[in-house]
Each structure stands twice: as C-alpha cells, then as structure tokens.
>>> print(open('run-v4.tsv').read())   # TSV, C-alpha atoms
chain	number	residue	atom	x	y	z
A	14	MET	CA	184.52	98.94	42.35
A	15	ASN	CA	181.97	98.13	45.06
A	16	ARG	CA	181.43	100.35	48.08
A	17	PHE	CA	180.71	97.18	50.07
A	18	ARG	CA	183.17	94.44	50.93
A	19	PRO	CA	183.22	91.86	48.11
A	20	CYS	CA	183.83	89.06	50.62
A	21	VAL	CA	180.38	89.35	52.16
A	22	LEU	CA	178.50	86.08	51.68
A	23	ILE	CA	174.86	86.45	50.70
A	24	HIS	CA	173.05	83.24	51.63
A	25	HIS	CA	169.99	82.19	49.67
A	26	ARG	CA	167.78	82.58	52.69
A	27	HIS	CA	168.81	86.24	53.07
A	28	LEU	CA	167.80	87.04	49.50
A	29	HIS	CA	164.57	85.11	49.80
A	30	HIS	CA	163.81	86.96	53.04
A	31	LEU	CA	164.40	90.28	51.29
A	32	GLN	CA	162.13	89.32	48.39
A	33	ASN	CA	159.26	88.56	50.77
A	34	ALA	CA	159.95	91.17	53.44
A	35	GLY	CA	157.63	94.01	54.28
A	36	PRO	CA	158.95	97.55	54.71
A	37	LEU	CA	162.65	97.78	55.49
A	38	CYS	CA	164.61	100.90	56.30
A	39	SER	CA	168.30	101.65	55.84
A	40	HIS	CA	170.50	104.58	56.77
A	41	LEU	CA	172.49	105.14	53.57
A	42	LYS	CA	175.94	105.72	54.98
A	43	SER	CA	177.37	105.79	51.46
A	44	ARG	CA	175.54	109.08	50.80
A	45	SER	CA	176.37	112.57	52.07
A	46	VAL	CA	174.28	115.72	52.10
A	47	ILE	CA	175.23	119.11	50.66
A	48	ARG	CA	173.29	122.36	50.63
A	49	PHE	CA	172.81	125.00	47.92
A	50	SER	CA	171.52	128.45	48.87
A	51	GLY	CA	171.51	131.97	47.49
A	52	PRO	CA	169.65	133.97	44.82
A	53	ASP	CA	171.35	132.16	41.90
A	54	THR	CA	170.74	128.62	43.20
A	55	ILE	CA	168.13	127.64	40.61
A	56	LYS	CA	169.95	129.27	37.70
A	57	PHE	CA	173.23	127.63	38.71
A	58	LEU	CA	171.79	124.11	38.97
A	59	GLN	CA	169.66	124.54	35.86
A	60	GLY	CA	172.71	125.18	33.72
A	61	LEU	CA	174.66	122.35	35.26
A	62	LEU	CA	172.45	119.30	35.85
A	63	SER	CA	170.58	116.98	33.47
A	64	ASN	CA	167.11	117.56	34.91
A	65	ASP	CA	164.84	120.60	34.97
A	66	VAL	CA	165.22	122.12	38.43
A	67	ARG	CA	163.08	125.18	37.73
A	68	ARG	CA	160.13	123.71	39.59
A	69	PHE	CA	162.12	124.11	42.80
A	70	GLY	CA	161.89	127.84	42.19
A	71	GLU	CA	158.11	127.92	41.93
A	72	SER	CA	156.16	129.62	44.69
A	73	PRO	CA	154.76	127.32	47.40
A	74	HIS	CA	151.20	126.10	46.92
A	75	GLU	CA	148.48	128.24	48.41
A	76	ASP	CA	146.65	125.26	49.95
A	77	ASN	CA	149.00	125.09	52.94
A	78	SER	CA	151.09	122.39	51.27
A	79	PRO	CA	154.51	123.79	50.31
A	80	VAL	CA	155.91	120.31	49.63
A	81	VAL	CA	157.83	119.84	46.39
A	82	PRO	CA	158.78	116.26	45.37
A	83	PRO	CA	162.49	115.47	45.13
A	84	MET	CA	164.29	115.08	41.83
A	85	TYR	CA	167.02	112.79	40.50
A	86	ALA	CA	169.65	114.38	38.26
A	87	ALA	CA	173.25	114.00	37.11
A	88	LEU	CA	176.26	116.15	36.45
A	89	LEU	CA	178.00	115.10	33.23
A	90	THR	CA	181.27	115.81	31.49
A	91	PRO	CA	181.18	118.14	28.45
A	92	GLN	CA	181.36	114.91	26.40
A	93	GLY	CA	178.12	113.66	27.96
A	94	ARG	CA	179.67	111.06	30.29
A	95	PHE	CA	178.49	110.55	33.85
A	96	LEU	CA	180.27	112.23	36.76
A	97	TYR	CA	177.97	112.44	39.80
A	98	ASP	CA	174.34	111.82	40.67
A	99	PHE	CA	172.16	114.03	42.88
A	100	PHE	CA	168.90	113.53	44.74
A	101	LEU	CA	167.62	117.09	45.11
A	102	TYR	CA	165.19	118.20	47.83
A	103	ARG	CA	163.66	121.55	48.47
A	104	GLN	CA	163.55	122.07	52.21
A	105	SER	CA	160.02	123.30	52.75
A	106	ARG	CA	158.54	124.96	55.80
A	107	PRO	CA	154.85	125.83	56.18
A	108	GLU	CA	155.69	129.54	56.40
A	109	GLU	CA	158.13	129.47	53.48
A	110	LYS	CA	157.84	132.13	50.80
A	111	LEU	CA	160.23	132.89	47.98
A	112	ASP	CA	161.93	136.22	48.34
A	113	ARG	CA	161.92	138.80	45.57
A	114	ASN	CA	165.13	137.37	44.13
A	115	GLY	CA	163.72	133.84	43.94
A	116	SER	CA	166.20	132.56	46.52
A	117	VAL	CA	165.53	129.03	47.71
A	118	GLU	CA	167.46	126.45	49.71
A	119	ILE	CA	168.06	123.04	48.13
A	120	LEU	CA	169.60	120.00	49.77
A	121	ALA	CA	171.13	117.12	47.80
A	122	ASP	CA	172.24	113.66	48.79
A	123	VAL	CA	175.32	112.61	46.84
A	124	ASP	CA	177.89	109.81	46.78
A	125	GLY	CA	179.95	110.30	49.93
A	126	SER	CA	183.00	108.53	48.52
A	127	VAL	CA	183.60	111.40	46.08
A	128	LEU	CA	182.29	114.24	48.24
A	129	ASP	CA	185.42	116.41	48.32
A	130	GLU	CA	185.98	116.02	44.60
A	131	LEU	CA	182.33	116.80	43.86
A	132	LEU	CA	182.40	119.96	45.99
A	133	ALA	CA	185.56	121.13	44.23
A	134	THR	CA	183.94	120.53	40.83
A	135	LEU	CA	180.80	122.46	41.77
A	136	LYS	CA	182.83	125.40	43.06
A	137	LYS	CA	184.83	125.40	39.83
A	138	TYR	CA	181.60	125.87	37.88
A	139	ARG	CA	180.24	128.47	40.31
A	140	LEU	CA	182.41	131.35	39.04
A	141	ARG	CA	180.52	134.56	39.95
A	142	SER	CA	177.16	132.94	40.64
A	143	LYS	CA	175.57	134.00	43.91
A	144	VAL	CA	175.19	130.52	45.34
A	145	ASP	CA	176.66	129.02	48.47
A	146	ILE	CA	177.62	125.33	48.43
A	147	GLU	CA	178.07	123.73	51.82
A	148	ASN	CA	178.96	120.31	53.16
A	149	VAL	CA	176.26	119.51	55.74
A	150	ALA	CA	176.98	115.77	55.97
A	151	GLU	CA	177.38	116.04	59.74
A	152	ASP	CA	173.95	117.64	60.09
A	153	PHE	CA	171.82	115.41	57.87
A	154	TYR	CA	171.59	111.73	56.98
A	155	CYS	CA	169.98	110.01	53.99
A	156	TRP	CA	167.53	107.13	54.54
A	157	GLN	CA	165.62	104.72	52.29
A	158	ARG	CA	162.39	102.78	52.98
A	159	TYR	CA	161.71	99.83	50.67
A	160	GLY	CA	160.22	96.37	50.54
A	161	ARG	CA	157.45	94.32	48.99
A	162	GLY	CA	154.05	96.02	48.82
A	163	LEU	CA	155.27	99.37	50.18
A	164	SER	CA	154.97	101.50	47.05
A	165	GLU	CA	151.61	100.08	45.95
A	166	LYS	CA	149.89	101.44	49.05
A	167	THR	CA	150.55	105.11	48.45
A	168	PRO	CA	149.58	107.69	45.79
A	169	SER	CA	151.73	108.82	42.90
A	170	VAL	CA	154.69	111.10	43.50
A	171	GLU	CA	153.10	113.41	40.92
A	172	GLU	CA	150.76	114.47	43.72
A	173	PRO	CA	153.29	116.36	45.85
A	174	VAL	CA	151.25	116.57	49.05
A	175	ALA	CA	150.16	112.95	48.99
A	176	ALA	CA	153.64	111.80	48.15
A	177	SER	CA	154.84	112.22	51.73
A	178	VAL	CA	153.88	109.06	53.55
A	179	GLY	CA	150.68	109.40	55.56
A	180	TRP	CA	150.29	113.14	54.95
A	181	ARG	CA	146.96	113.53	53.16
A	182	GLY	CA	147.79	110.27	51.48
A	183	GLY	CA	144.44	108.71	52.26
A	184	ASP	CA	145.96	105.28	52.85
A	185	ASP	CA	147.99	105.55	56.03
A	186	ARG	CA	145.98	107.68	58.42
A	187	SER	CA	147.64	106.05	61.42
A	188	GLY	CA	150.97	107.48	60.26
A	189	ASN	CA	149.59	110.98	59.70
A	190	SER	CA	151.46	112.72	62.51
A	191	ALA	CA	154.47	110.40	62.48
A	192	SER	CA	155.22	110.98	58.82
A	193	HIS	CA	155.72	114.72	59.36
A	194	GLY	CA	158.89	114.01	61.28
A	195	ASN	CA	159.01	117.51	62.77
A	196	ASP	CA	157.85	121.04	62.06
A	197	VAL	CA	160.57	122.03	59.60
A	198	GLY	CA	159.51	120.05	56.57
A	199	TRP	CA	161.26	116.67	56.84
A	200	HIS	CA	159.28	114.02	54.99
A	201	TRP	CA	159.53	110.65	53.34
A	202	PHE	CA	159.02	110.99	49.58
A	203	LYS	CA	158.53	108.46	46.87
A	204	ASP	CA	161.85	107.71	45.26
A	205	PRO	CA	161.95	110.04	42.22
A	206	ARG	CA	163.40	107.28	40.02
A	207	LEU	CA	160.94	104.40	40.36
A	208	ASP	CA	157.97	103.59	42.58
A	209	CYS	CA	159.34	100.09	43.17
A	210	LEU	CA	162.40	101.55	44.92
A	211	GLY	CA	160.22	102.79	47.79
A	212	PHE	CA	160.71	106.04	49.68
A	213	ARG	CA	163.67	108.29	50.29
A	214	GLY	CA	164.38	111.21	52.58
A	215	ILE	CA	166.99	113.26	54.40
A	216	PHE	CA	166.60	113.82	58.11
A	217	PRO	CA	168.56	115.61	60.83
A	218	SER	CA	171.44	113.50	62.12
A	219	GLY	CA	171.07	112.01	65.57
A	220	THR	CA	167.34	111.49	65.12
A	221	THR	CA	165.27	108.49	64.10
A	222	PRO	CA	163.21	109.22	60.96
A	223	PRO	CA	159.43	108.89	61.24
A	224	LEU	CA	157.88	105.44	60.67
A	225	VAL	CA	161.22	103.70	61.16
A	226	GLU	CA	159.99	102.25	64.42
A	227	SER	CA	157.29	100.35	62.53
A	228	ASP	CA	159.74	99.14	59.87
A	229	LYS	CA	162.64	96.77	60.14
A	230	GLU	CA	165.80	98.83	60.23
A	231	THR	CA	168.60	96.99	58.47
A	232	ASP	CA	172.00	97.64	56.93
A	233	GLU	CA	172.59	99.28	53.56
A	234	GLU	CA	173.62	96.01	51.94
A	235	LYS	CA	169.95	94.99	51.85
A	236	TYR	CA	169.18	98.15	49.91
A	237	LEU	CA	171.96	97.27	47.47
A	238	LEU	CA	170.36	93.86	46.93
A	239	TRP	CA	166.99	95.53	46.39
A	240	ARG	CA	168.51	97.67	43.65
A	241	LEU	CA	170.47	94.83	42.09
A	242	GLU	CA	167.23	92.92	41.61
A	243	LYS	CA	165.86	95.89	39.67
A	244	GLY	CA	169.04	96.82	37.80
A	245	VAL	CA	169.36	100.32	39.25
A	246	ALA	CA	172.87	101.66	39.86
A	247	GLU	CA	173.56	104.54	42.23
A	248	GLY	CA	176.59	106.74	42.80
A	249	SER	CA	179.95	107.15	41.15
A	250	THR	CA	181.25	103.83	42.48
A	251	GLU	CA	178.58	101.85	40.60
A	252	ILE	CA	178.32	104.17	37.59
A	253	PRO	CA	181.88	104.59	36.28
A	254	LYS	CA	182.83	108.25	36.60
A	255	GLY	CA	183.92	109.84	33.35
A	256	GLU	CA	183.10	106.70	31.36
A	257	ALA	CA	179.43	105.74	31.76
A	258	ILE	CA	176.92	106.85	29.13
A	259	PRO	CA	173.78	107.90	31.04
A	260	LEU	CA	171.36	106.48	28.46
A	261	GLU	CA	172.99	103.05	28.76
A	262	TYR	CA	172.48	103.25	32.52
A	263	ASN	CA	168.77	103.87	31.90
A	264	PHE	CA	168.76	107.44	33.18
A	265	VAL	CA	165.79	108.32	30.98
A	266	GLY	CA	163.67	105.59	32.57
A	267	LEU	CA	164.90	106.75	35.99
A	268	ASN	CA	163.55	110.28	35.40
A	269	ALA	CA	167.00	111.85	35.57
A	270	ILE	CA	167.02	113.65	32.20
A	271	SER	CA	164.86	116.41	30.78
A	272	PHE	CA	164.87	116.84	27.00
A	273	ASP	CA	162.92	120.11	27.20
A	274	LYS	CA	164.99	122.20	29.60
A	275	GLY	CA	167.61	123.56	27.22
A	276	CYS	CA	171.35	123.62	27.65
A	277	TYR	CA	173.36	122.02	30.42
A	278	VAL	CA	176.83	120.47	30.59
A	279	GLY	CA	176.95	117.48	28.20
A	280	GLN	CA	173.45	118.13	26.83
A	281	GLU	CA	174.31	118.05	23.12
A	282	LEU	CA	175.61	114.49	23.09
A	283	ILE	CA	172.79	113.19	25.29
A	284	ALA	CA	170.16	114.73	23.02
A	285	ARG	CA	171.85	113.39	19.88
A	286	ALA	CA	172.04	109.83	21.25
A	287	HIS	CA	168.44	109.97	22.46
A	288	HIS	CA	167.01	111.17	19.18
A	289	ARG	CA	168.83	108.45	17.25
A	290	GLY	CA	166.25	106.26	18.95
A	291	VAL	CA	168.11	102.99	19.58
A	292	ILE	CA	170.21	102.20	22.65
A	293	ARG	CA	172.15	99.03	21.88
A	294	LYS	CA	173.56	98.47	25.37
A	295	ARG	CA	171.82	98.81	28.72
A	296	LEU	CA	172.42	98.12	32.39
A	297	LEU	CA	170.79	94.80	33.34
A	298	PRO	CA	170.33	92.76	36.52
A	299	LEU	CA	172.55	89.67	36.47
A	300	LYS	CA	172.81	86.35	38.28
A	301	PHE	CA	175.89	84.15	38.36
A	302	LEU	CA	175.33	80.38	38.06
A	303	ASP	CA	177.31	77.19	37.71
A	304	ASN	CA	176.77	74.61	34.95
A	305	ASN	CA	173.94	73.06	36.98
A	306	GLY	CA	172.06	76.33	37.33
A	307	LYS	CA	173.03	76.81	40.97
A	308	GLU	CA	173.97	80.29	42.18
A	309	VAL	CA	177.68	80.79	42.78
A	310	GLU	CA	178.93	83.15	45.48
A	311	ARG	CA	181.90	85.53	45.45
A	312	LYS	CA	183.32	84.26	42.15
A	313	VAL	CA	182.68	87.33	40.00
A	314	THR	CA	184.07	90.83	40.46
A	315	ALA	CA	183.20	94.21	38.98
A	316	GLY	CA	185.02	94.71	35.68
A	317	SER	CA	184.72	91.08	34.57
A	318	GLU	CA	183.97	90.72	30.88
A	319	VAL	CA	180.86	88.86	29.74
A	320	ILE	CA	181.07	86.90	26.47
A	321	ASN	CA	178.54	85.02	24.37
A	322	THR	CA	180.06	81.61	23.69
A	323	ALA	CA	177.62	80.95	20.85
A	324	SER	CA	178.77	83.94	18.81
A	325	GLY	CA	182.21	84.38	20.35
A	326	LYS	CA	181.49	88.07	20.83
A	327	LYS	CA	182.05	90.21	23.87
A	328	THR	CA	178.61	91.10	25.24
A	329	GLY	CA	179.58	93.62	27.89
A	330	SER	CA	181.00	93.82	31.39
A	331	VAL	CA	179.95	93.43	35.00
A	332	THR	CA	179.70	96.79	36.76
A	333	THR	CA	178.62	95.61	40.24
A	334	ALA	CA	178.92	92.17	41.84
A	335	PHE	CA	177.63	91.16	45.26
A	336	GLY	CA	177.21	87.51	46.22
A	337	PHE	CA	175.60	85.73	43.28
A	338	CYS	CA	173.88	88.93	42.06
A	339	GLY	CA	175.14	91.83	40.05
A	340	MET	CA	174.58	94.33	37.29
A	341	GLY	CA	176.25	94.78	33.95
A	342	VAL	CA	176.07	96.85	30.79
A	343	LEU	CA	175.43	94.34	28.00
A	344	ARG	CA	174.56	94.43	24.32
A	345	LEU	CA	170.86	93.60	24.24
A	346	GLU	CA	171.10	91.63	21.00
A	347	GLU	CA	173.65	89.27	22.55
A	348	ALA	CA	172.35	89.29	26.12
A	349	PHE	CA	168.99	87.73	25.31
A	350	LYS	CA	169.94	85.35	22.51
A	351	GLY	CA	170.14	82.52	25.00
A	352	SER	CA	170.84	82.55	28.71
A	353	ASP	CA	173.07	79.48	28.50
A	354	SER	CA	175.47	81.26	26.15
A	355	LEU	CA	176.71	83.99	28.49
A	356	THR	CA	179.83	83.35	30.56
A	357	ILE	CA	182.59	85.25	32.33
A	358	LEU	CA	185.77	85.59	30.28
A	359	GLY	CA	188.44	83.40	31.86
A	360	GLN	CA	185.82	81.72	34.08
A	361	GLU	CA	183.82	79.85	31.49
A	362	ASP	CA	182.40	77.54	34.16
A	363	ILE	CA	180.37	80.49	35.44
A	364	LYS	CA	177.18	81.22	33.53
A	365	VAL	CA	175.62	84.67	33.46
A	366	GLU	CA	171.85	85.07	33.48
A	367	ALA	CA	170.74	88.44	32.09
A	368	ILE	CA	167.35	89.57	33.39
A	369	ARG	CA	164.85	91.99	31.91
A	370	ALA	CA	163.89	94.39	34.70
A	371	ALA	CA	160.13	94.42	35.33
A	372	TRP	CA	159.98	98.22	35.33
A	373	TRP	CA	161.40	98.65	31.82
A	374	PRO	CA	159.14	100.60	29.42
A	375	SER	CA	157.71	98.49	26.59
A	376	GLU	CA	159.49	100.58	23.93
A	377	TRP	CA	162.84	99.36	25.19
A	378	PHE	CA	161.87	95.85	24.13
A	379	ARG	CA	161.02	97.19	20.68
A	380	ASP	CA	164.45	98.83	20.59
A	381	GLN	CA	165.97	95.42	21.29
A	382	GLN	CA	164.04	93.87	18.41
A	383	HIS	CA	165.14	96.66	16.07
A	384	THR	CA	168.74	96.16	17.12
A	385	ALA	CA	168.54	92.43	16.36
A	386	VAL	CA	167.25	93.17	12.85
A	387	ALA	CA	169.84	95.83	12.10
>>> encode(input="run-v4.tsv", output="structure tokens")
Amino acid sequence: MNRFRPCVLIHHRHLHHLQNAGPLCSHLKSRSVIRFSGPDTIKFLQGLLSNDVRRFGESPHEDNSPVVPPMYAALLTPQGRFLYDFFLYRQSRPEEKLDRNGSVEILADVDGSVLDELLATLKKYRLRSKVDIENVAEDFYCWQRYGRGLSEKTPSVEEPVAASVGWRGGDDRSGNSASHGNDVGWHWFKDPRLDCLGFRGIFPSGTTPPLVESDKETDEEKYLLWRLEKGVAEGSTEIPKGEAIPLEYNFVGLNAISFDKGCYVGQELIARAHHRGVIRKRLLPLKFLDNNGKEVERKVTAGSEVINTASGKKTGSVTTAFGFCGMGVLRLEEAFKGSDSLTILGQEDIKVEAIRAAWWPSEWFRDQQHTAVA
C-alpha cells in the first residue's frame, strides 16, 4: 500500500526536473517523532533494535562538539521479519553531560501511519525498564534535504561535527550560523543510510529549518521519487510489516544492522541469513513501460506480481508504485536475464525494467553471479 494517492500523475517533465534539480527540501508529514528518556534508555533500545545504539551513551566530545550522528535501525519480529524503522537522534546541547546513571534523551522519527501501534509495542517490551516513551509528534517535525550535487559538497557523516551542514564543514562557510538552527542542538545531518539520500533532521514544529530558505521547499512526493530512483524503501507502508526480510530490503547496505552488537529481537535469523552469504532476492528500482519502451502511468499497483516470460517463472512482486516508477523485491537471477522478459502478471502488455541501483556494493553483483551458477 502507498501512503500517497495512487492516482497522482507524474509527468515526464517533473521527473526530469527532479533529476536535474539542486537542493530540495520536504517536510515529511508521513513521519512522526517519539522521545525516549530515562536511565535505561540505551539498554532498552540496545536489546530491541537491529543497530548498535551504545554510541548514543558515550560522553560528549571534549572539543566543544557534543554532536552525535543519527542512526537508522529496525524493530523486528522474533522470527526476524520487519516491523518498524527508526531514525534515532541524540538531542545534544553544548552544556550536555551524561549523569552518573548514563541517562540520555533520544528522539526518533518513525512511520506516522503506525504510530499508536508502534508505541503500544514498545511499551509492551518496556516491562520494568526505567525508560519513558513519549509521543512528541506535535512538538517536532521531520525534514529531508536532497537533490543533485548536495551530498558531494559535504564531509563524511563519520566525522560527527562536520556532518552538520555548514558547522565546521569547511565547504559551506556562508551557512555556518544558519545551519545551527538554534541553541538547543537542532542540526541537519547526513542521512545515516546513504550519502546520495541527502540530509535529514528533526526540528521544532512551527519553525522553518535552517537553510530551507535557500532550498526549494516541495512536497513529500518528490522525496518519494528520489528514493524510488535509488531503490530505498522507508516505513511500514513500503516495507511490509511482519513479512519483509530486512536483508532482502538491503538493510545491511543502508547501515541499519550491526552484526557485532549481540542479541536483539530477531537477531538469530538475521545473523544466520547473513552468514550464509547469498541473498537471492533484493529490493530494486523499477520502471513500467509499454511494448514500445514508453513509460506507462498509473497502470501498476503495489502487490502486482512480476513474471519472466522467457522462463515462465515468477520473479517477484511490486512493493511500491508511483506513476511509471516503483520498487519491487525480485529474484536477481531472473530480474537481470533480460529486461524485455519481465512483465506484470495479468498485464502482459506492461514491461518491467529492473534497475541496478548505483549505490549497491560490488559484492552484491558477485552474489548475483553466484546465484546464477547455483
């Protein structure tokens, strides 16, 4: 299911404009913000989520830069299936110090369409842990900055201080004061998944985030198109809750999983699948074409099955469809045998073009070759 209306028509000129546009900025109304606080915050999240959140519990740097980069993580079922994704931020203030109990406040942007259910699930796991979980969606909004050439101009997110735009970054001195936002630690950060996705941040509601005035503020649908081009799903509406296998949705490449942190919910099955070494299906960017190679609009919906007419085998299914673009989890061996062979089941006049995302690690291509030989 899409969070956006499937009837929206995406004209070619809109997509071409997006591909060539400079920085754009979108308020992500599909996301909501929650807050974790209390002495057991780090311990609670560490035992629950797929990534290693212990670095949020480290003492602030002594060089007057208490900024910690955000983190992408997921909550899974005990069977290792996806439930919810989280973008975690440590709210840093210049005067911040950890107390003796290691208490720290962490904010997370989550899929707003499942907010109540997510909060209930977290509180079920809380038991006797000393952690408060609050809905602060009315107080904070999530924003994304993205566009051609944006990420190449700034240092790596591995340098926490330089990761906030214009703050000791060395490349955007004119934005030095603007990028601070205010004096309580609100910053733009490089998206923790991929550099090509741009920058992400949470900011107090009712305010305009820094640098937005120099960008082109636009609706969230443009951000969806930006992600479709790269094959990156987000939220429980694009990543089927209780069904999706995180490794097939490329969560390792999106920096959402730590294989060194120890136990968390669903960890055993994730580790077993990872160490087998071959992922036979992955989430891919898709385009929908007619027999003449022309893009077709609004003809494909999420859940449509993709088949390879040459082999007669089911290749996978479409998970997100928007205009003539989409994403789908497909068998790599079948997906790249020949682009003319993929069609939509029951709509054989619609061809499916599977695209290798430019950000994919080279070893994933070797996995594909191994799968073809097997």
>>> closest_residue(input="run-v4.tsv", among="A:Lys243, A:Gly336, A:Cys276, A:Asn304", to="Ile368 of chain A", atoms="all atoms listed in the file")
A:Lys243
>>> atom_distance(input="run-v4.tsv", atom1="atom CA of Leu358 of chain A", atom2="atom CA of Gly341 of chain A")
13.7 Å
>>> closest_atom_pairs(input="run-v4.tsv", of="segment 127-161 of chain A", to="segment 239-242 of chain A", cutoff="12 Å", atoms="all atoms listed in the file", output="CSV")
residue,atom,partner,partner_atom,distance
A:Gln157,CA,A:Trp239,CA,11.0
A:Arg158,CA,A:Trp239,CA,10.8
A:Tyr159,CA,A:Trp239,CA,8.0
A:Gly160,CA,A:Trp239,CA,8.0
A:Arg161,CA,A:Trp239,CA,10.0
>>> atom_distance(input="run-v4.tsv", atom1="atom CA of Glu147 of chain A", atom2="atom CA of Val127 of chain A")
14.7 Å
>>> atom_distance(input="run-v4.tsv", atom1="atom CA of Lys326 of chain A", atom2="atom CA of Leu238 of chain A")
29.0 Å
>>> residues_around(input="run-v4.tsv", residues="segment 81-95 of chain A", least_positions_apart="2", cutoff="9 Å", atoms="all atoms listed in the file", output="PDB file with C-alpha atoms, keeping the file's coordinate frame")
ATOM      1  CA  LEU A  61     174.660 122.350  35.260  1.00  0.00           C
ATOM      2  CA  LEU A  62     172.450 119.300  35.850  1.00  0.00           C
ATOM      3  CA  SER A  63     170.580 116.980  33.470  1.00  0.00           C
ATOM      4  CA  ASN A  64     167.110 117.560  34.910  1.00  0.00           C
ATOM      5  CA  ASP A  65     164.840 120.600  34.970  1.00  0.00           C
ATOM      6  CA  VAL A  66     165.220 122.120  38.430  1.00  0.00           C
ATOM      7  CA  ARG A  68     160.130 123.710  39.590  1.00  0.00           C
ATOM      8  CA  PHE A  69     162.120 124.110  42.800  1.00  0.00           C
ATOM      9  CA  PRO A  73     154.760 127.320  47.400  1.00  0.00           C
ATOM     10  CA  SER A  78     151.090 122.390  51.270  1.00  0.00           C
ATOM     11  CA  PRO A  79     154.510 123.790  50.310  1.00  0.00           C
ATOM     12  CA  TYR A  97     177.970 112.440  39.800  1.00  0.00           C
ATOM     13  CA  ASP A  98     174.340 111.820  40.670  1.00  0.00           C
ATOM     14  CA  PHE A  99     172.160 114.030  42.880  1.00  0.00           C
ATOM     15  CA  PHE A 100     168.900 113.530  44.740  1.00  0.00           C
ATOM     16  CA  LEU A 101     167.620 117.090  45.110  1.00  0.00           C
ATOM     17  CA  TYR A 102     165.190 118.200  47.830  1.00  0.00           C
ATOM     18  CA  ARG A 103     163.660 121.550  48.470  1.00  0.00           C
ATOM     19  CA  GLN A 104     163.550 122.070  52.210  1.00  0.00           C
ATOM     20  CA  SER A 105     160.020 123.300  52.750  1.00  0.00           C
ATOM     21  CA  VAL A 170     154.690 111.100  43.500  1.00  0.00           C
ATOM     22  CA  GLU A 171     153.100 113.410  40.920  1.00  0.00           C
ATOM     23  CA  GLU A 172     150.760 114.470  43.720  1.00  0.00           C
ATOM     24  CA  PRO A 173     153.290 116.360  45.850  1.00  0.00           C
ATOM     25  CA  VAL A 174     151.250 116.570  49.050  1.00  0.00           C
ATOM     26  CA  ALA A 176     153.640 111.800  48.150  1.00  0.00           C
ATOM     27  CA  SER A 177     154.840 112.220  51.730  1.00  0.00           C
ATOM     28  CA  PHE A 202     159.020 110.990  49.580  1.00  0.00           C
ATOM     29  CA  LYS A 203     158.530 108.460  46.870  1.00  0.00           C
ATOM     30  CA  ASP A 204     161.850 107.710  45.260  1.00  0.00           C
ATOM     31  CA  PRO A 205     161.950 110.040  42.220  1.00  0.00           C
ATOM     32  CA  ARG A 206     163.400 107.280  40.020  1.00  0.00           C
ATOM     33  CA  ARG A 213     163.670 108.290  50.290  1.00  0.00           C
ATOM     34  CA  GLY A 214     164.380 111.210  52.580  1.00  0.00           C
ATOM     35  CA  SER A 249     179.950 107.150  41.150  1.00  0.00           C
ATOM     36  CA  ILE A 252     178.320 104.170  37.590  1.00  0.00           C
ATOM     37  CA  PRO A 253     181.880 104.590  36.280  1.00  0.00           C
ATOM     38  CA  LYS A 254     182.830 108.250  36.600  1.00  0.00           C
ATOM     39  CA  GLY A 255     183.920 109.840  33.350  1.00  0.00           C
ATOM     40  CA  GLU A 256     183.100 106.700  31.360  1.00  0.00           C
ATOM     41  CA  ALA A 257     179.430 105.740  31.760  1.00  0.00           C
ATOM     42  CA  ILE A 258     176.920 106.850  29.130  1.00  0.00           C
ATOM     43  CA  PRO A 259     173.780 107.900  31.040  1.00  0.00           C
ATOM     44  CA  PHE A 264     168.760 107.440  33.180  1.00  0.00           C
ATOM     45  CA  LEU A 267     164.900 106.750  35.990  1.00  0.00           C
ATOM     46  CA  ASN A 268     163.550 110.280  35.400  1.00  0.00           C
ATOM     47  CA  ALA A 269     167.000 111.850  35.570  1.00  0.00           C
ATOM     48  CA  ILE A 270     167.020 113.650  32.200  1.00  0.00           C
ATOM     49  CA  TYR A 277     173.360 122.020  30.420  1.00  0.00           C
ATOM     50  CA  VAL A 278     176.830 120.470  30.590  1.00  0.00           C
ATOM     51  CA  GLY A 279     176.950 117.480  28.200  1.00  0.00           C
ATOM     52  CA  GLN A 280     173.450 118.130  26.830  1.00  0.00           C
ATOM     53  CA  GLU A 281     174.310 118.050  23.120  1.00  0.00           C
ATOM     54  CA  LEU A 282     175.610 114.490  23.090  1.00  0.00           C
ATOM     55  CA  ILE A 283     172.790 113.190  25.290  1.00  0.00           C
TER      56      ILE A 283
END
>>> closest_residue(input="run-v4.tsv", among="A:Arg311, A:His200, A:Lys235, A:Lys274", to="Phe212 of chain A", atoms="all atoms listed in the file")
A:His200
